[in-house]
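Take a look at the structure below.
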Amino acid sequence: MPDQTPLRALPGIAFGGDYNPEQWPRETWQEDVRLMREAGVNLVSVGIFSWALLETAEGEFDFAWLDEVIDLLHANGIAVDLGTPTASPPAWFFAAHPDARVVTRDGTVMGFGSRGMASHSSPAYREAIVRIASALADRYGDHPAVVLWHVHNEYGVPVGEDYSEHSVRAFRGWLRERYGSLDALNAAWGTAFWGQHYTAWEHIGAPAAAPSVVNPAQRLDFQRFTDHQLRACFIAERDAIRARAPQPITTNFMANQSWTTDLWAWARDVDVVSDDHYLWAADEDAHIGLSIAADLSRSVGGGKPWILMEHSTSAVNWQPRNIAKRPGEMARNSLTHVARGSDAVLFFQWRAGRSGAEKFHSAMLPHAGTDSRVWREVVALGEGLSRLDAVVGSRVEADVAVLWDFESFWAQDLEWRPTEDLSHQERVRAFYERLWRDGVTVDFALPGHDLSRYRLVVAPAQYLLTAADAANLTRYVEGGGTLVVSYFSAVVDENDAVHPGGFLAPLRDALGVDVEEHLPLREGAAAAVEWSDGALLGADHWQESLRLHGADVVGAYAEGPAAGGAAITRHRHGAGTGWYISTRLDAEGLRAVLSDVYADAGVVPSSTPDGLEVVRRRADDRTFLFAINHRDDDVTIDAVGRELLTGATASGSLVVPAGGVAVIETG
């Protein structure tokens, strides 16, 4: 049987968004619930930024207004995702505990008036968040309207690292737990370099701004520590709620738009994964970035259905240029998330705010009111989602995995790398986009995961690779898998130390090659690769001097410092194949190489036209084919079954209109 919806109290796809009634007079509440019913809203998130109104002084609570709101929503058939308001402590808290404020790396003490401004290591903050979470759970744990708990808001955004004295003390304790002895810490951090050897735990500080580059192993550990401290705050609230209330508990991730938290670890601590996603307006193909976020949200949750907790009906307000969504774009965005595993479509926010920092942020009910394109599209979306009940609980299946390792990304982003042109985000996006355009659905994975069920594994940016994970990837190839590794991978271990044997050494057996020297190019320089068929593939930024250990050369450098040397290699190892790409290929270059990779892996790319996104969800003997048309013209697809959004029957073909979406159920 398919998984049940994470929101079992709801009959189908959850639809709604953040609701902030405290910003409006009571007479507006009645209009809100009437319009929510008109739009088909069945779930709203409440109380996320309401701490100052709920706990008016330390230990003094006023729940009367929230009682009224939750009862009103329940009476109108609208379920509640009840938030804990701990992302925004009240003014009285900072007046009583000024030492709980965040300190930046350069020593600036963060002031009041924003959000996310409390030190995650402050004892007073830890005590206060447990107190408010406990009080809310005591009062609403058995309320029939509450179907989900929503702890905090977007951990690590806008503040992740904290360099306060509370954080420094906690960091020392975390290091003691991790290493056990100063000798072990000194060895891991390589403190013999630049005379950094420690003889007392009290001498260790946070890696604050210094005259030159700070020890990279210390920086990497501080990032791990930051993630641990943020997650400890979540766990403290979660456990306080769990002791008092039976509903599932989540917190909203930022998937591929925040690098402060390791979502693989966080996903193990929530009852259901939820994600906030906003298009990056400067990206003309931002819908591809959306698909990355959706696939990552599904993947960290082990493939289970997840919750789209926030996205926007149109423009946001915090980017350099906030571009409004075109007609139909909101529905395409929403249904892409559903196609890739979400059982909820929620927005920030329900009603556009008149005051505060986000008054220019779009909403389900915009400033223009119900006589507006956005409102009409919201109502139409709610109606369409109500026809997708059968999709709930079904899963996405993929034959290809792309490696996504937060610790490796943290390490690669530190200073003094061979060139500033190195970007893990760019390489992940480049490979993902090639797979997306080829119609290949992917999961994301860690290099230490069981990868045996995937035909193909792609490592676009695996700078940090442990010996154990390298052995796992080697076993994957030996067992018959196809592995593609991009440049500047397997360079360092978990302590940001170069591997014994040099660059790429841990994957030498799987790939049949290692790297003698990195050869970054000057700014703006390009250096083509001659492919096996004689074609020239465009490449830039980077070359490597390779040493062959059994690999075949399938692409050679036609120019540049490595001219005549191997650029792309293929190696049979055991029952599988390892590919290594030692330069930055453009989109067409990746098309040519991956075409041969697909043949090795037995992966069949789609024949659909570019711009038509096709994803399948499956449950038992039923398949739901989502066809999302990002093109400006109609596309005809092969399809047999019932189109759920319109009720039409497809008897062999179906037209997906320009900018439209079709969802076909087949038996």
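We label chains A, B, ... in the order they appear in the structure tokens, count residues from 1 in each chain, and number ligands from 1 in the order shown.
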List the neighbours of region 67-81 of chain A out to 8 Å using only C-alpha atoms; skip same-chain residues closer than 2 positions along the sequence, and give me the result as a PDB file with N, CA and C atoms, in the first residue's frame.
ATOM      1  N   LEU A  10      -6.365  15.239   6.881  1.00  0.00           N
ATOM      2  CA  LEU A  10      -6.893  15.902   5.695  1.00  0.00           C
ATOM      3  C   LEU A  10      -7.249  14.864   4.639  1.00  0.00           C
ATOM      4  N   PRO A  21      -3.291  36.262  11.645  1.00  0.00           N
ATOM      5  CA  PRO A  21      -4.472  37.062  12.012  1.00  0.00           C
ATOM      6  C   PRO A  21      -4.154  38.160  13.011  1.00  0.00           C
ATOM      7  N   TRP A  29     -10.998  38.643  10.301  1.00  0.00           N
ATOM      8  CA  TRP A  29     -10.896  37.196  10.455  1.00  0.00           C
ATOM      9  C   TRP A  29     -12.085  36.484   9.802  1.00  0.00           C
ATOM     10  N   VAL A  33     -11.812  33.615   6.699  1.00  0.00           N
ATOM     11  CA  VAL A  33     -12.264  32.225   6.646  1.00  0.00           C
ATOM     12  C   VAL A  33     -13.287  32.027   5.530  1.00  0.00           C
ATOM     13  N   ARG A  37     -12.532  29.361   2.413  1.00  0.00           N
ATOM     14  CA  ARG A  37     -13.441  28.317   1.935  1.00  0.00           C
ATOM     15  C   ARG A  37     -13.654  28.448   0.427  1.00  0.00           C
ATOM     16  N   VAL A  41      -9.049  26.317   0.662  1.00  0.00           N
ATOM     17  CA  VAL A  41      -7.999  26.166   1.669  1.00  0.00           C
ATOM     18  C   VAL A  41      -8.445  25.172   2.733  1.00  0.00           C
ATOM     19  N   ASN A  42      -7.568  24.234   3.077  1.00  0.00           N
ATOM     20  CA  ASN A  42      -7.886  23.267   4.125  1.00  0.00           C
ATOM     21  C   ASN A  42      -6.842  23.210   5.237  1.00  0.00           C
ATOM     22  N   LEU A  43      -5.761  24.003   5.125  1.00  0.00           N
ATOM     23  CA  LEU A  43      -4.717  24.014   6.150  1.00  0.00           C
ATOM     24  C   LEU A  43      -4.040  25.374   6.172  1.00  0.00           C
ATOM     25  N   VAL A  44      -3.867  25.938   7.380  1.00  0.00           N
ATOM     26  CA  VAL A  44      -3.092  27.169   7.516  1.00  0.00           C
ATOM     27  C   VAL A  44      -2.108  27.011   8.668  1.00  0.00           C
ATOM     28  N   SER A  45      -0.970  27.701   8.545  1.00  0.00           N
ATOM     29  CA  SER A  45       0.046  27.735   9.601  1.00  0.00           C
ATOM     30  C   SER A  45      -0.172  28.989  10.437  1.00  0.00           C
ATOM     31  N   VAL A  46      -0.242  28.833  11.749  1.00  0.00           N
ATOM     32  CA  VAL A  46      -0.602  29.930  12.648  1.00  0.00           C
ATOM     33  C   VAL A  46       0.429  30.049  13.758  1.00  0.00           C
ATOM     34  N   PHE A  63      -3.481  33.420  25.809  1.00  0.00           N
ATOM     35  CA  PHE A  63      -3.872  32.589  24.682  1.00  0.00           C
ATOM     36  C   PHE A  63      -5.267  32.928  24.157  1.00  0.00           C
ATOM     37  N   ALA A  64      -5.914  33.947  24.707  1.00  0.00           N
ATOM     38  CA  ALA A  64      -7.317  34.187  24.365  1.00  0.00           C
ATOM     39  C   ALA A  64      -7.510  34.410  22.867  1.00  0.00           C
ATOM     40  N   TRP A  65      -6.664  35.249  22.276  1.00  0.00           N
ATOM     41  CA  TRP A  65      -6.854  35.548  20.850  1.00  0.00           C
ATOM     42  C   TRP A  65      -6.560  34.330  19.979  1.00  0.00           C
ATOM     43  N   GLY A  83       2.456  26.756  14.843  1.00  0.00           N
ATOM     44  CA  GLY A  83       3.868  27.082  14.934  1.00  0.00           C
ATOM     45  C   GLY A  83       4.304  27.420  16.343  1.00  0.00           C
ATOM     46  N   PRO A 144      -8.886  19.523  18.206  1.00  0.00           N
ATOM     47  CA  PRO A 144      -9.119  18.773  16.961  1.00  0.00           C
ATOM     48  C   PRO A 144      -8.683  19.500  15.701  1.00  0.00           C
ATOM     49  N   ALA A 145      -8.489  20.808  15.758  1.00  0.00           N
ATOM     50  CA  ALA A 145      -8.059  21.543  14.564  1.00  0.00           C
ATOM     51  C   ALA A 145      -6.577  21.348  14.278  1.00  0.00           C
ATOM     52  N   VAL A 146      -5.787  21.063  15.313  1.00  0.00           N
ATOM     53  CA  VAL A 146      -4.332  21.005  15.161  1.00  0.00           C
ATOM     54  C   VAL A 146      -3.940  19.635  14.618  1.00  0.00           C
ATOM     55  N   VAL A 147      -3.375  19.631  13.403  1.00  0.00           N
ATOM     56  CA  VAL A 147      -2.969  18.374  12.761  1.00  0.00           C
ATOM     57  C   VAL A 147      -1.452  18.274  12.600  1.00  0.00           C
ATOM     58  N   LEU A 148      -0.731  19.354  12.906  1.00  0.00           N
ATOM     59  CA  LEU A 148       0.716  19.382  12.683  1.00  0.00           C
ATOM     60  C   LEU A 148       1.317  20.460  13.556  1.00  0.00           C
ATOM     61  N   TRP A 149       2.549  20.201  14.045  1.00  0.00           N
ATOM     62  CA  TRP A 149       3.319  21.214  14.770  1.00  0.00           C
ATOM     63  C   TRP A 149       4.490  21.667  13.903  1.00  0.00           C
ATOM     64  N   HIS A 150       4.706  22.969  13.914  1.00  0.00           N
ATOM     65  CA  HIS A 150       5.684  23.636  13.056  1.00  0.00           C
ATOM     66  C   HIS A 150       6.654  24.379  13.975  1.00  0.00           C
TER      67      HIS A 150
END
Open item on the list: Give me the residues near Val553 (chain A) as an NGL selection string, where near means some atom within 8 Å (using only C-alpha atoms) and where sequence neighbours in that chain fewer than 5 positions away do not count.
Closed with: :A and (566-570)
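For region 313-515 of chain A, the set of residues given strand (DSSP E) by DSSP on the backbone reads Ser342, Asp343, Ala344, Val345, Leu346, Phe347, Arg395, Val396, Val400, Ala401, Val402, Leu403, Val442, Asp443, Phe444, Ala445, Leu456, Val457, Val458, Ala459, Thr482, Leu483, Val484, Val485, Ser486, Val513, Asp514 and Val515 of chain A.
One distance worth recording is that between CA of Phe431 (chain A) and CA of Leu403 (chain A), which is 10.7 Å.
Around Gln196 (chain A), within 9 Å and counting only C-alpha atoms, the residues found are A:Asn186, A:Gly190, A:Thr191, A:Asn215, once anything fewer than 5 positions away on its own chain is removed.
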Take the selection from the previous step and output its residues with N, CA, C and O atoms, as a PDB file, in the first residue's frame.
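File written: selection28.pdb
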ATOM      1  N   ASN A 186      44.494  18.278  17.814  1.00  0.00           N
ATOM      2  CA  ASN A 186      45.652  18.853  17.123  1.00  0.00           C
ATOM      3  C   ASN A 186      45.979  18.081  15.849  1.00  0.00           C
ATOM      4  O   ASN A 186      46.329  18.668  14.815  1.00  0.00           O
ATOM      5  N   GLY A 190      45.539  19.679  12.105  1.00  0.00           N
ATOM      6  CA  GLY A 190      46.845  19.973  11.525  1.00  0.00           C
ATOM      7  C   GLY A 190      47.468  21.210  12.127  1.00  0.00           C
ATOM      8  O   GLY A 190      48.030  22.056  11.415  1.00  0.00           O
ATOM      9  N   THR A 191      47.412  21.331  13.455  1.00  0.00           N
ATOM     10  CA  THR A 191      47.830  22.577  14.109  1.00  0.00           C
ATOM     11  C   THR A 191      49.347  22.795  14.103  1.00  0.00           C
ATOM     12  O   THR A 191      49.816  23.859  14.531  1.00  0.00           O
ATOM     13  N   ASN A 215      42.402  28.527  10.226  1.00  0.00           N
ATOM     14  CA  ASN A 215      42.534  27.086  10.029  1.00  0.00           C
ATOM     15  C   ASN A 215      41.264  26.496   9.397  1.00  0.00           C
ATOM     16  O   ASN A 215      40.189  26.541   9.990  1.00  0.00           O
TER      17      ASN A 215
END
TODO: Find the residues around Ile204 (chain A) up to 9 Å (only C-alpha atoms counted), leave out those fewer than 5 positions away in its own chain, and share them as JSON, numbers by chain.
DONE: {"A": [168, 171, 172, 198]}
- [ ] Tell me which protein, DNA and RNA residues are within 7 Å of region 437-452 of chain A, counting only C-alpha atoms, leaving out same-chain ones fewer than 5 positions away, and put them as JSON, numbers by chain.
- [x] {"A": [295, 296, 299, 398, 399, 400, 401, 402, 403, 404, 405, 469, 472, 473, 476, 605, 606, 610, 613, 614, 615]}
Mind writing the picked residues with C-alpha atoms as a compact mmCIF listing (two decimals), in the first residue's frame?
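Written file, part-v6.txt:
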# COMPACT_ATOMS: atom_id res chain seq x y z
CA ASP A 295 13.96 16.35 -5.43
CA LEU A 296 16.26 17.18 -2.52
CA SER A 299 15.47 12.54 -1.06
CA ALA A 398 14.45 7.24 -9.91
CA ASP A 399 17.20 5.18 -11.53
CA VAL A 400 19.82 7.92 -11.19
CA ALA A 401 21.36 9.50 -8.08
CA VAL A 402 23.27 12.78 -7.84
CA LEU A 403 25.54 13.14 -4.81
CA TRP A 404 24.69 16.06 -2.51
CA ASP A 405 26.96 16.36 0.52
CA ASP A 469 32.68 6.68 1.39
CA ASN A 472 31.46 2.52 -0.90
CA LEU A 473 31.57 4.19 -4.31
CA TYR A 476 29.14 0.37 -6.27
CA PRO A 605 16.70 9.64 -21.90
CA SER A 606 13.31 11.05 -22.80
CA ASP A 610 13.05 20.59 -24.36
CA GLU A 613 8.99 18.35 -17.76
CA VAL A 614 7.66 14.82 -17.23
CA VAL A 615 7.69 13.12 -13.83
Task: Spatial neighbours of region 539-547 of chain A, max dist 9 Å, only C-alpha atoms, sep filter under 2 positions, as an NGL selection string - done: :A and (419 or 421-422 or 487-488 or 512-529 or 537 or 549 or 557 or 560-562 or 565-567 or 582-586 or 589)
Determine, counting only C-alpha atoms, which protein, DNA and RNA residues have an atom within 9 Å of an atom of Arg298 (chain A); residues of the same chain fewer than 4 positions away are not included. Present the result as an mmCIF file with N, CA and C atoms, in the first residue's frame.
data_model
loop_
_atom_site.group_PDB
_atom_site.id
_atom_site.type_symbol
_atom_site.label_atom_id
_atom_site.label_comp_id
_atom_site.auth_asym_id
_atom_site.auth_seq_id
_atom_site.Cartn_x
_atom_site.Cartn_y
_atom_site.Cartn_z
ATOM 1 N N VAL A 273 9.250 15.699 6.412
ATOM 2 C CA VAL A 273 10.055 16.777 5.826
ATOM 3 C C VAL A 273 9.130 17.852 5.269
ATOM 4 N N ALA A 293 15.171 21.628 -5.663
ATOM 5 C CA ALA A 293 14.703 21.729 -4.281
ATOM 6 C C ALA A 293 13.696 20.642 -3.959
ATOM 7 N N ALA A 294 12.794 20.378 -4.882
ATOM 8 C CA ALA A 294 11.771 19.359 -4.646
ATOM 9 C C ALA A 294 12.397 17.973 -4.560
ATOM 10 N N GLY A 302 13.967 10.212 2.545
ATOM 11 C CA GLY A 302 13.935 8.799 2.213
ATOM 12 C C GLY A 302 12.907 8.428 1.169
ATOM 13 N N GLY A 303 12.480 9.420 0.365
ATOM 14 C CA GLY A 303 11.530 9.145 -0.705
ATOM 15 C C GLY A 303 10.083 9.267 -0.293
ATOM 16 N N LYS A 304 9.814 9.526 0.980
ATOM 17 C CA LYS A 304 8.430 9.631 1.450
ATOM 18 C C LYS A 304 7.802 10.952 0.983
ATOM 19 N N PRO A 305 6.477 11.003 0.884
ATOM 20 C CA PRO A 305 5.819 12.284 0.585
ATOM 21 C C PRO A 305 6.205 13.341 1.614
ATOM 22 N N TRP A 306 6.290 14.570 1.170
ATOM 23 C CA TRP A 306 6.742 15.673 2.002
ATOM 24 C C TRP A 306 5.794 16.851 1.850
ATOM 25 N N ARG A 340 6.938 15.965 -7.849
ATOM 26 C CA ARG A 340 8.197 15.454 -7.300
ATOM 27 C C ARG A 340 8.060 15.048 -5.828
ATOM 28 N N GLY A 341 6.816 14.812 -5.385
ATOM 29 C CA GLY A 341 6.620 14.135 -4.112
ATOM 30 C C GLY A 341 5.904 14.865 -3.015
ATOM 31 N N SER A 342 5.575 16.150 -3.193
ATOM 32 C CA SER A 342 4.897 16.869 -2.114
ATOM 33 C C SER A 342 3.416 16.498 -2.066
ATOM 34 N N VAL A 396 7.761 8.899 -5.973
ATOM 35 C CA VAL A 396 8.580 9.069 -7.166
ATOM 36 C C VAL A 396 9.699 8.031 -7.123
ATOM 37 N N ASP A 443 17.195 11.102 -7.849
ATOM 38 C CA ASP A 443 17.249 11.295 -6.408
ATOM 39 C C ASP A 443 18.582 11.950 -6.089
ATOM 40 N N PHE A 444 18.646 12.582 -4.920
ATOM 41 C CA PHE A 444 19.933 12.986 -4.372
ATOM 42 C C PHE A 444 20.341 11.977 -3.303
#
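When only C-alpha atoms are used to compute distances to Asp62 (chain A), the closest of the residues A:Arg616, A:Arg126, A:Arg139, A:His287 turns out to be A:Arg139.
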Open item on the list: Write out as a VMD selection string the set of residues from region 59-270 of chain A that DSSP, computed on the backbone, places in helix (DSSP H, G or I).
Closed with: chain A and resid 64 to 75 91 to 96 98 to 100 123 to 140 165 to 179 182 to 189 193 to 195 201 to 203 216 to 242 255 to 257 263 to 267
Within 10 Å of region 221-236 of chain A, which residues of region 99-163 of chain A show up? Give each one with its shortest atom-to-atom distance in Å (one decimal) and the two atoms involved, counting only C-alpha atoms, rows by chain then rising residue number, as a tab-separated table.
residue	atom	partner	partner_atom	distance
A:Ser119	CA	A:Leu230	CA	9.4
A:His120	CA	A:Leu230	CA	6.0
A:Ser121	CA	A:Gln229	CA	6.6
A:Tyr125	CA	A:Cys233	CA	9.1
A:Arg126	CA	A:Cys233	CA	6.7
A:Glu127	CA	A:Ala236	CA	9.2
A:Ile129	CA	A:Cys233	CA	8.0
A:Val130	CA	A:Ala236	CA	6.4
A:Ala133	CA	A:Ala236	CA	9.1
A:Val151	CA	A:Phe234	CA	6.8
A:His152	CA	A:Phe234	CA	7.5
A:Tyr155	CA	A:Leu230	CA	6.7
A:Gly156	CA	A:Leu230	CA	7.3
A:Gly160	CA	A:Thr226	CA	6.7
A:Glu161	CA	A:Thr226	CA	5.8
A:Asp162	CA	A:Thr226	CA	7.7
A:Tyr163	CA	A:Phe222	CA	9.9
